[in-house]
Protein chains: 2
Amino acid sequence: MSSKSVIPATVNPDLQKERDAASFSSEEFAAWWAGGADKLNFKRSVKEYMYKDIDRAEYAQLYYKSHEDMCEFAVKSSINVAKKLRQLQAERNPGGNEYWPTLFEEPEMWGLHLAGNPFGVMYVMVVKALKAQCTPEQYEEFGKRLERFEVTAAYAQTELGHGTYLRGLETRADFDRETDEFVLNTPTISSYKWWPGGLGHSSNYSLVMAQLYIDGQLKGPHLFYVQVREEDTFEPRPGVHIGEIGKKMGFLGVNNGFLGMKNVRIPRSRMMMRHAQVQRDGSYVKSPVDALAYFAMVSTRCIIARNAALLLAIGATIATRYSAVRRQSPIDPKLPEPQIIDHVTQQLKVFPEIATSLAHRLASNYLSDLFNVTTKDIDQGKYERLPELHALSCALKVISSTDSTEGIERLRLACGGHGYLASANLANLYASATAACTYEGENTVLLLQIGRFLMKSWRAAQSGAPLAPTASYLADVQRNPEFGTWTGSWENMVKAMQFAAANKTRIAFNSLAKRLANGESEEVASNHTGIEIAQAAELHSRAFVLYSFLSEITGPKSKARSSALNRVLEQLLELYLVNITLKNMSNILRVVHLTDADLCQLQARLETALSKLRPEAVSIVDGFDFCDEQLNSTLGSFDGNAYERIFDAALKAPMNQKSVPKSFHEHLGPFMKSNI
Amino acid sequence: MSSKSVIPATVNPDLQKERDAASFSSEEFAAWWAGGADKLNFKRSVKEYMYKDIDRAEYAQLYYKSHEDMCEFAVKSSINVAKKLRQLQAERNPGGNEYWPTLFEEPEMWGLHLAGNPFGVMYVMVVKALKAQCTPEQYEEFGKRLERFEVTAAYAQTELGHGTYLRGLETRADFDRETDEFVLNTPTISSYKWWPGGLGHSSNYSLVMAQLYIDGQLKGPHLFYVQVREEDTFEPRPGVHIGEIGKKMGFLGVNNGFLGMKNVRIPRSRMMMRHAQVQRDGSYVKSPVDALAYFAMVSTRCIIARNAALLLAIGATIATRYSAVRRQSPIDPKLPEPQIIDHVTQQLKVFPEIATSLAHRLASNYLSDLFNVTTKDIDQGKYERLPELHALSCALKVISSTDSTEGIERLRLACGGHGYLASANLANLYASATAACTYEGENTVLLLQIGRFLMKSWRAAQSGAPLAPTASYLADVQRNPEFGTWTGSWENMVKAMQFAAANKTRIAFNSLAKRLANGESEEVASNHTGIEIAQAAELHSRAFVLYSFLSEITGPKSKARSSALNRVLEQLLELYLVNITLKNMSNILRVVHLTDADLCQLQARLETALSKLRPEAVSIVDGFDFCDEQLNSTLGSFDGNAYERIFDAALKAPMNQKSVPKSFHEHLGPFMKSNI
């Protein structure tokens, strides 16, 4: 059978039928989701240009390759993306940056970086960090070369034995007054830099976070720009022990690396000197702007949340389309097997994830807006909202990474056995999504940080001090701890989550106070109360996402949308609110009186919401506007020819290119013969 | 640095300290866990023999290989295991079977089948199915050759377009009266057999489930024994289109395969004829024992549950040991960073999974005992407990696969970034565990089957008919719907879960009744009530696991254990009961009145249970008695030298065997140069 002929050129009729039946325009959805028709057209034209001539056959073989070949492939394909984006920039707007480097690591390119982008961190983190931390002269020397891609660089902070706790880092940079140099060392195995993306085999420079010592005196962690490989030969520099840390769940070709240093000397001018400085005579000038250090992370976490939402949206697109074309398990045995999307239990697996990707994407928009407002405040010297913004960005990062990970897994399981195939792409999406639970602040550590913010806010409220706007509900609940009547309105559900969060905050606060009264130190008491503090933080985070989702859907922005689109968005909001409320019911029931009839009604609303979304689901995910290359899934392509694509992919597997495997001749055949 | 010297020959002092401080003997635990000291010694001696001379370096390179090389490796290593087990059998007890084939696919061998065992299904399923379905003559001809490993065979049931619903299978076997043959065909792409383990490139026979047609009349699905490859050349037979389905999340080397057939003719004698028969004249004899068909699945599901429990126990061993040697995030900033096992939030991630693996393992023991009792009943023609046993086996399969999957993921996340490394082995354990959510009955499908059993039982109770023992609580709750006083005792918590299950059963039953009254058909109403039915089934399953765990720990078997061991097991039981009760609180609160003080007390008990298990945790997982090869984890080895092992593994990665990668010369170098 020729493999060319397997995939029909037509759309699966079951999928077409869904598209024809939707009550709204998926094009309007797509334009809204993209941030406007202009942006949608821009993205589409970029994708058309970038994907039109890729070697699909080579991409399809990716998961069959050895680890080494995957890494080599990632370097090659990422450089191709860089070349094409620069070409596009030159063609369409020379001197601008909206194509290059802006798009290099954006979701539109994901289908081209299937093994990860070894140079992603270079533009997303290193260049930005250099801009923020270099003097203008330093940026001219280091940053510009990276911008031009003359050299490559990684960002090395985490060590084999040290992650979250920056002050625990062991890598040290000693100032040598005589030679005007820093001497870098990783004195132990646990102090080896470990994990930086692209560090292993594709960087010749690295920003290195190290403990600064002057005359043996510790000045705390600072950033140094260290050459790790020769520019011409790419051989490791003297004293540098460098390589990659080995295979991982995901990011298969990113060559996350390790770095050991033994008396590696760099000129004094290679310490980032914009804020803190070491002068020629060894005198040390402390950075005046500690508060700003974590401000940069707020915008990073907005991006993480948006990406988590989009990974989930990709998963939801795949599972929704597959659910429309897969037929299985009769509802009525006298009829043909139904589309599995008709099973209510299947709807419960898939539709809430569509809603969740919306909720998180919109929450990241909401937070970005708040970030921009706060940036203006900071420019005017107002730092008041910084702790709140930090807590919110942690909250959204935790919730979006956790929910997208669990959601993608639910979606994979909703695709049954075929979801387990690499060609379904759900396992790889999962590996990408779950990494965000750990990087840029491990989720539990972040929850405890949010919790500290809540404990402070609760104490402040008790003393009548003003609270940050998004925490002010804590003071409201203190003033009036009675929830009042459960109405089940959307606002009422958001309020219920806030009451649950406030109640858990109160419980955690009291547990903490009791332990302090029993003589435990602040730190020990915080640890012992960690579970309740983290629970309060999670509920606070949920309340924020509910609130921002409600605002974005029912607020003034709704006026710009058609009523047909608003109706569908409101159905998604309804599903999300009811589902999250039910999932957190044990905490809500402690502060809100719901009768058994109220609970039954919520269940009925859940089922109604699912059935209302049933005819819209395919068109909603169409509105996410992912191209087939971004989905990279035999199960989820636009044409819905899932079986034919699974079949076609199998035929192309390397093992199937010969009829008898080597192992038969070498092992199995002789063994069976010996048994006769 | 020589890689030989990296790993110390000594045990990490942090781990040794834990072992010294435990209040009980991990050896006694190990003997109990293994089912007695004899069994423990047997397993240890087998493992010693099997693992002593394996090529560790080659195993360590597994995840770096290409897919094809992994498949080849799996065949080679599985044959080696078979050879050695047969040798051991010959040495220690010729003619017996306790080594070969009994141990071939058992957990003791898992460390040798790291890419999966392509011949596992052959002994776990095919030989057993042949025994059950063959006439004695057929077994002599087909089965014995498999026993001797002269030929290999797969079990082909699932199709590309058909899984759960057996009657939906499209593969057909038409009886040709003239030639006394069956003619097998897969008329469509969706009828291709898809997924059978070992079918792709390592089987020359296959049991094939196909719709039997005689004179064009459908007789339903039957099993046929089909030769798919030539014995001498291993080339596919005429009309057979065979290969592997491509890369998957896990079971990397098992060559799950596809099979298409075009007019493949087999003699009539190749239909399994023990129960149903087709005679020479084409007359058809129906099987008299339909009820027994699913009885075999009960014991398969006991094994799935046990394996799920053991996969989780492996994960718990890795995470517990790593939590004892990793130091991170100060509790008191004046002190050194603590072992992360001292963070209460970490304890909550790890210890409940230890308890869960116990609960599921013991539930599978409990069910096995029940299975054996029922087998005797069946021999005496008593089939009464069959539906109950079927429902329980579904329940345990669902709960154990779901919880072990989610638990392993929690444990992986508890290991932070390093948990993401392939060398940590948690991702691979996850891939193995999650597959069980789908195979041998997809979990949601099973929940709906359990739900049907519950609906029937509820109706029976209403009419006063007797219920199966493990469902009799439904009748109790109908008779006396008041829970009574919450005492928080263990028995009380089990009862609370039963009340929650009964309440959800009542709600689902009423929803169903209402829909029927509104004129919906039984099938449509069941679908519309699917969410509530599945919820009832899950709570029923949880109640069963709680009950069996309580029985096994506090029942008569406790007399055979020391009080020190019993104390630790009771702490695990306490943790499990409190944790599961809290997690299901929203359902419990609908039927049990707990005050806010009761809820706070449960939280306090949770924290107390964690702190009591803190000094015991390492010795408990030692008691699981996995050898390092079974754990296969740089993070979890017995010696606790995690960093050194991560480091050592990284140094051995293929990419690190040369200093400059190929891609620098071919792509990166020229590109950077062109940018200067």
# chains A, B, ... in the order shown; residues from 1 in each chain; ligands from 1
$ select_by_dssp --residues "region 204-433 of chain A" --states "helix (DSSP H, G or I)" --output "VMD selection string"
chain A and resid 268 to 270 290 to 293 295 to 325 340 to 342 344 to 379 386 to 414 416 to 420 422 to 424 426 to 433
$ interface_residues --of "chain B" --to "chain A" --cutoff "6 Å" --atoms "only C-alpha atoms" --output "ChimeraX atom specification"
/B:64-68,72,76,149-150,165,243,245-249,329,331-332,345,420-422,523,530-531,585-586,650,653,655-656,663,667,672,675-676
$ residues_around --residues "Ala543 (chain B)" --least-positions-apart "3" --cutoff "6 Å" --atoms "only C-alpha atoms" --output "PDB file with C-alpha atoms, in the first residue's frame"
ATOM      1  CA  MET B 497     -16.805   6.781  53.041  1.00  0.00           C
ATOM      2  CA  GLN B 498     -19.468   4.089  52.697  1.00  0.00           C
ATOM      3  CA  HIS B 540     -17.569   2.738  46.339  1.00  0.00           C
ATOM      4  CA  LEU B 546     -10.216   1.718  53.007  1.00  0.00           C
TER       5      LEU B 546
END
$ select_by_dssp --residues "region 4-213 of chain A" --states "strand (DSSP E)" --output "list in words"
Ala153, Ala154, Tyr155, Ala156, Arg172, Ala173, Asp174, Phe175, Asp176, Glu181, Phe182, Val183, Leu184, Asn185, Lys193, Trp194, Tyr205, Ser206, Leu207, Val208, Met209, Ala210, Gln211, Leu212 and Tyr213 of chain A
$ write_last_selection --atoms "C-alpha atoms" --output "compact mmCIF listing (two decimals), in the first residue's frame"
# COMPACT_ATOMS: atom_id res chain seq x y z
CA ALA A 153 25.40 32.25 25.67
CA ALA A 154 23.62 30.45 28.50
CA TYR A 155 22.34 31.57 31.90
CA ALA A 156 23.92 29.50 34.69
CA ARG A 172 32.48 31.46 44.01
CA ALA A 173 34.22 34.37 42.29
CA ASP A 174 37.20 35.70 44.25
CA PHE A 175 38.53 39.11 43.36
CA ASP A 176 42.27 39.07 42.67
CA GLU A 181 40.54 39.63 37.80
CA PHE A 182 37.92 37.38 39.27
CA VAL A 183 38.84 33.75 39.84
CA LEU A 184 35.88 31.41 39.47
CA ASN A 185 35.63 28.03 41.13
CA LYS A 193 26.20 24.52 37.51
CA TRP A 194 23.46 22.15 36.40
CA TYR A 205 29.65 32.15 26.85
CA SER A 206 27.60 31.99 30.01
CA LEU A 207 26.23 34.37 32.57
CA VAL A 208 27.27 32.72 35.83
CA MET A 209 25.72 33.45 39.21
CA ALA A 210 28.47 33.15 41.80
CA GLN A 211 29.17 34.23 45.36
CA LEU A 212 31.41 37.29 45.19
CA TYR A 213 34.32 37.31 47.62
$ atom_distance --atom1 "CA of Pro288 (chain A)" --atom2 "CA of Gln157 (chain A)"
21.6 Å
$ residues_around --residues "Val81 (chain A)" --least-positions-apart "6" --cutoff "8 Å" --atoms "only C-alpha atoms" --output "ChimeraX atom specification"
/A:50,104,112
$ write_last_selection --atoms "C-alpha atoms" --output "compact mmCIF listing (two decimals), in the first residue's frame"
# COMPACT_ATOMS: atom_id res chain seq x y z
CA MET A 50 7.79 29.77 8.19
CA PHE A 104 12.13 33.29 17.85
CA LEU A 112 9.56 24.29 14.31
$ atom_distance --atom1 "CA of Cys134 (chain A)" --atom2 "CA of Met273 (chain A)"
5.7 Å
$ residues_around --residues "region 377-389 of chain A" --least-positions-apart "4" --cutoff "7 Å" --atoms "only C-alpha atoms" --output "number ranges by chain"
A: 373, 393, 468
$ closest_residue --among "B:Asn641, B:Thr135, B:Asn480, B:Ser287" --to "Leu15 (chain B)" --atoms "only C-alpha atoms"
B:Asn641
$ residues_around --residues "Phe351 (chain B)" --least-positions-apart "6" --cutoff "9 Å" --atoms "only C-alpha atoms" --output "PDB file with all heavy atoms, in the first residue's frame"
ATOM      1  N   ALA B 316       8.114   5.818  45.540  1.00  0.00           N
ATOM      2  CA  ALA B 316       8.193   6.302  46.921  1.00  0.00           C
ATOM      3  C   ALA B 316       9.581   6.040  47.512  1.00  0.00           C
ATOM      4  O   ALA B 316      10.110   6.854  48.281  1.00  0.00           O
ATOM      5  CB  ALA B 316       7.111   5.641  47.762  1.00  0.00           C
ATOM      6  N   THR B 320      11.703   9.159  48.741  1.00  0.00           N
ATOM      7  CA  THR B 320      11.989   9.215  50.181  1.00  0.00           C
ATOM      8  C   THR B 320      13.491   9.298  50.424  1.00  0.00           C
ATOM      9  O   THR B 320      13.971  10.127  51.208  1.00  0.00           O
ATOM     10  CB  THR B 320      11.412   7.971  50.881  1.00  0.00           C
ATOM     11  OG1 THR B 320      10.011   7.923  50.639  1.00  0.00           O
ATOM     12  CG2 THR B 320      11.670   8.027  52.379  1.00  0.00           C
ATOM     13  N   LEU B 572       0.817   4.359  59.222  1.00  0.00           N
ATOM     14  CA  LEU B 572       0.546   4.480  57.788  1.00  0.00           C
ATOM     15  C   LEU B 572      -0.955   4.409  57.516  1.00  0.00           C
ATOM     16  O   LEU B 572      -1.486   5.153  56.676  1.00  0.00           O
ATOM     17  CB  LEU B 572       1.291   3.389  57.009  1.00  0.00           C
ATOM     18  CG  LEU B 572       2.814   3.589  56.911  1.00  0.00           C
ATOM     19  CD1 LEU B 572       3.507   2.302  56.461  1.00  0.00           C
ATOM     20  CD2 LEU B 572       3.153   4.729  55.941  1.00  0.00           C
ATOM     21  N   LEU B 575      -2.449   7.732  58.541  1.00  0.00           N
ATOM     22  CA  LEU B 575      -2.185   8.763  57.534  1.00  0.00           C
ATOM     23  C   LEU B 575      -3.094   8.577  56.329  1.00  0.00           C
ATOM     24  O   LEU B 575      -3.693   9.528  55.820  1.00  0.00           O
ATOM     25  CB  LEU B 575      -0.710   8.713  57.094  1.00  0.00           C
ATOM     26  CG  LEU B 575      -0.349   9.651  55.941  1.00  0.00           C
ATOM     27  CD1 LEU B 575      -0.554  11.110  56.333  1.00  0.00           C
ATOM     28  CD2 LEU B 575       1.104   9.433  55.496  1.00  0.00           C
ATOM     29  N   LEU B 610       2.168  12.678  59.838  1.00  0.00           N
ATOM     30  CA  LEU B 610       3.384  12.948  59.055  1.00  0.00           C
ATOM     31  C   LEU B 610       4.603  13.008  59.967  1.00  0.00           C
ATOM     32  O   LEU B 610       5.649  12.417  59.666  1.00  0.00           O
ATOM     33  CB  LEU B 610       3.238  14.272  58.291  1.00  0.00           C
ATOM     34  CG  LEU B 610       2.182  14.313  57.182  1.00  0.00           C
ATOM     35  CD1 LEU B 610       2.085  15.719  56.595  1.00  0.00           C
ATOM     36  CD2 LEU B 610       2.495  13.300  56.085  1.00  0.00           C
ATOM     37  N   LEU B 613       5.721   9.633  61.153  1.00  0.00           N
ATOM     38  CA  LEU B 613       6.355   8.813  60.115  1.00  0.00           C
ATOM     39  C   LEU B 613       7.716   9.367  59.703  1.00  0.00           C
ATOM     40  O   LEU B 613       8.511   8.659  59.076  1.00  0.00           O
ATOM     41  CB  LEU B 613       5.434   8.701  58.895  1.00  0.00           C
ATOM     42  CG  LEU B 613       4.253   7.747  59.103  1.00  0.00           C
ATOM     43  CD1 LEU B 613       3.189   7.973  58.047  1.00  0.00           C
ATOM     44  CD2 LEU B 613       4.738   6.290  59.080  1.00  0.00           C
ATOM     45  N   ARG B 614       7.959  10.617  60.044  1.00  0.00           N
ATOM     46  CA  ARG B 614       9.223  11.255  59.633  1.00  0.00           C
ATOM     47  C   ARG B 614      10.457  10.384  59.938  1.00  0.00           C
ATOM     48  O   ARG B 614      11.246  10.117  59.031  1.00  0.00           O
ATOM     49  CB  ARG B 614       9.313  12.650  60.286  1.00  0.00           C
ATOM     50  CG  ARG B 614      10.686  13.319  60.290  1.00  0.00           C
ATOM     51  CD  ARG B 614      11.146  13.681  58.905  1.00  0.00           C
ATOM     52  NE  ARG B 614      12.541  14.088  58.923  1.00  0.00           N
ATOM     53  CZ  ARG B 614      13.573  13.262  58.908  1.00  0.00           C
ATOM     54  NH1 ARG B 614      13.382  11.951  58.857  1.00  0.00           N
ATOM     55  NH2 ARG B 614      14.808  13.730  58.897  1.00  0.00           N
ATOM     56  N   ALA B 617      10.391   6.831  57.775  1.00  0.00           N
ATOM     57  CA  ALA B 617      10.123   6.748  56.336  1.00  0.00           C
ATOM     58  C   ALA B 617      11.206   5.978  55.578  1.00  0.00           C
ATOM     59  O   ALA B 617      10.903   5.090  54.766  1.00  0.00           O
ATOM     60  CB  ALA B 617       9.950   8.150  55.756  1.00  0.00           C
TER      61      ALA B 617
END
$ atom_distance --atom1 "CA of Ala309 (chain A)" --atom2 "CA of Ile408 (chain A)"
10.4 Å
$ residues_around --residues "Lys557 (chain B)" --least-positions-apart "6" --cutoff "12 Å" --atoms "only C-alpha atoms" --output "ChimeraX atom specification"
/B:32,35,362,366,549-551,566
$ write_last_selection --atoms "N, CA and C atoms" --output "PDB file, in the first residue's frame"
ATOM      1  N   TRP B  32       7.595  -9.386  56.049  1.00  0.00           N
ATOM      2  CA  TRP B  32       6.122  -9.300  56.023  1.00  0.00           C
ATOM      3  C   TRP B  32       5.620  -8.919  54.630  1.00  0.00           C
ATOM      4  N   GLY B  35       5.640 -11.546  52.089  1.00  0.00           N
ATOM      5  CA  GLY B  35       4.762 -12.689  52.350  1.00  0.00           C
ATOM      6  C   GLY B  35       5.426 -13.761  53.186  1.00  0.00           C
ATOM      7  N   LEU B 362      -2.223  -4.345  49.667  1.00  0.00           N
ATOM      8  CA  LEU B 362      -3.007  -5.172  50.579  1.00  0.00           C
ATOM      9  C   LEU B 362      -4.415  -5.408  50.037  1.00  0.00           C
ATOM     10  N   TYR B 366      -6.183  -8.934  49.446  1.00  0.00           N
ATOM     11  CA  TYR B 366      -7.536  -9.207  49.938  1.00  0.00           C
ATOM     12  C   TYR B 366      -8.413  -9.754  48.810  1.00  0.00           C
ATOM     13  N   PHE B 549      -7.801  -2.236  53.659  1.00  0.00           N
ATOM     14  CA  PHE B 549      -6.570  -1.795  54.326  1.00  0.00           C
ATOM     15  C   PHE B 549      -6.739  -1.917  55.844  1.00  0.00           C
ATOM     16  N   LEU B 550      -7.872  -1.431  56.325  1.00  0.00           N
ATOM     17  CA  LEU B 550      -8.139  -1.524  57.764  1.00  0.00           C
ATOM     18  C   LEU B 550      -8.132  -2.976  58.224  1.00  0.00           C
ATOM     19  N   SER B 551      -8.787  -3.863  57.442  1.00  0.00           N
ATOM     20  CA  SER B 551      -8.847  -5.276  57.828  1.00  0.00           C
ATOM     21  C   SER B 551      -7.472  -5.913  57.886  1.00  0.00           C
ATOM     22  N   ASN B 566       3.818  -3.278  63.955  1.00  0.00           N
ATOM     23  CA  ASN B 566       2.393  -2.903  63.926  1.00  0.00           C
ATOM     24  C   ASN B 566       2.205  -1.414  64.173  1.00  0.00           C
TER      25      ASN B 566
END
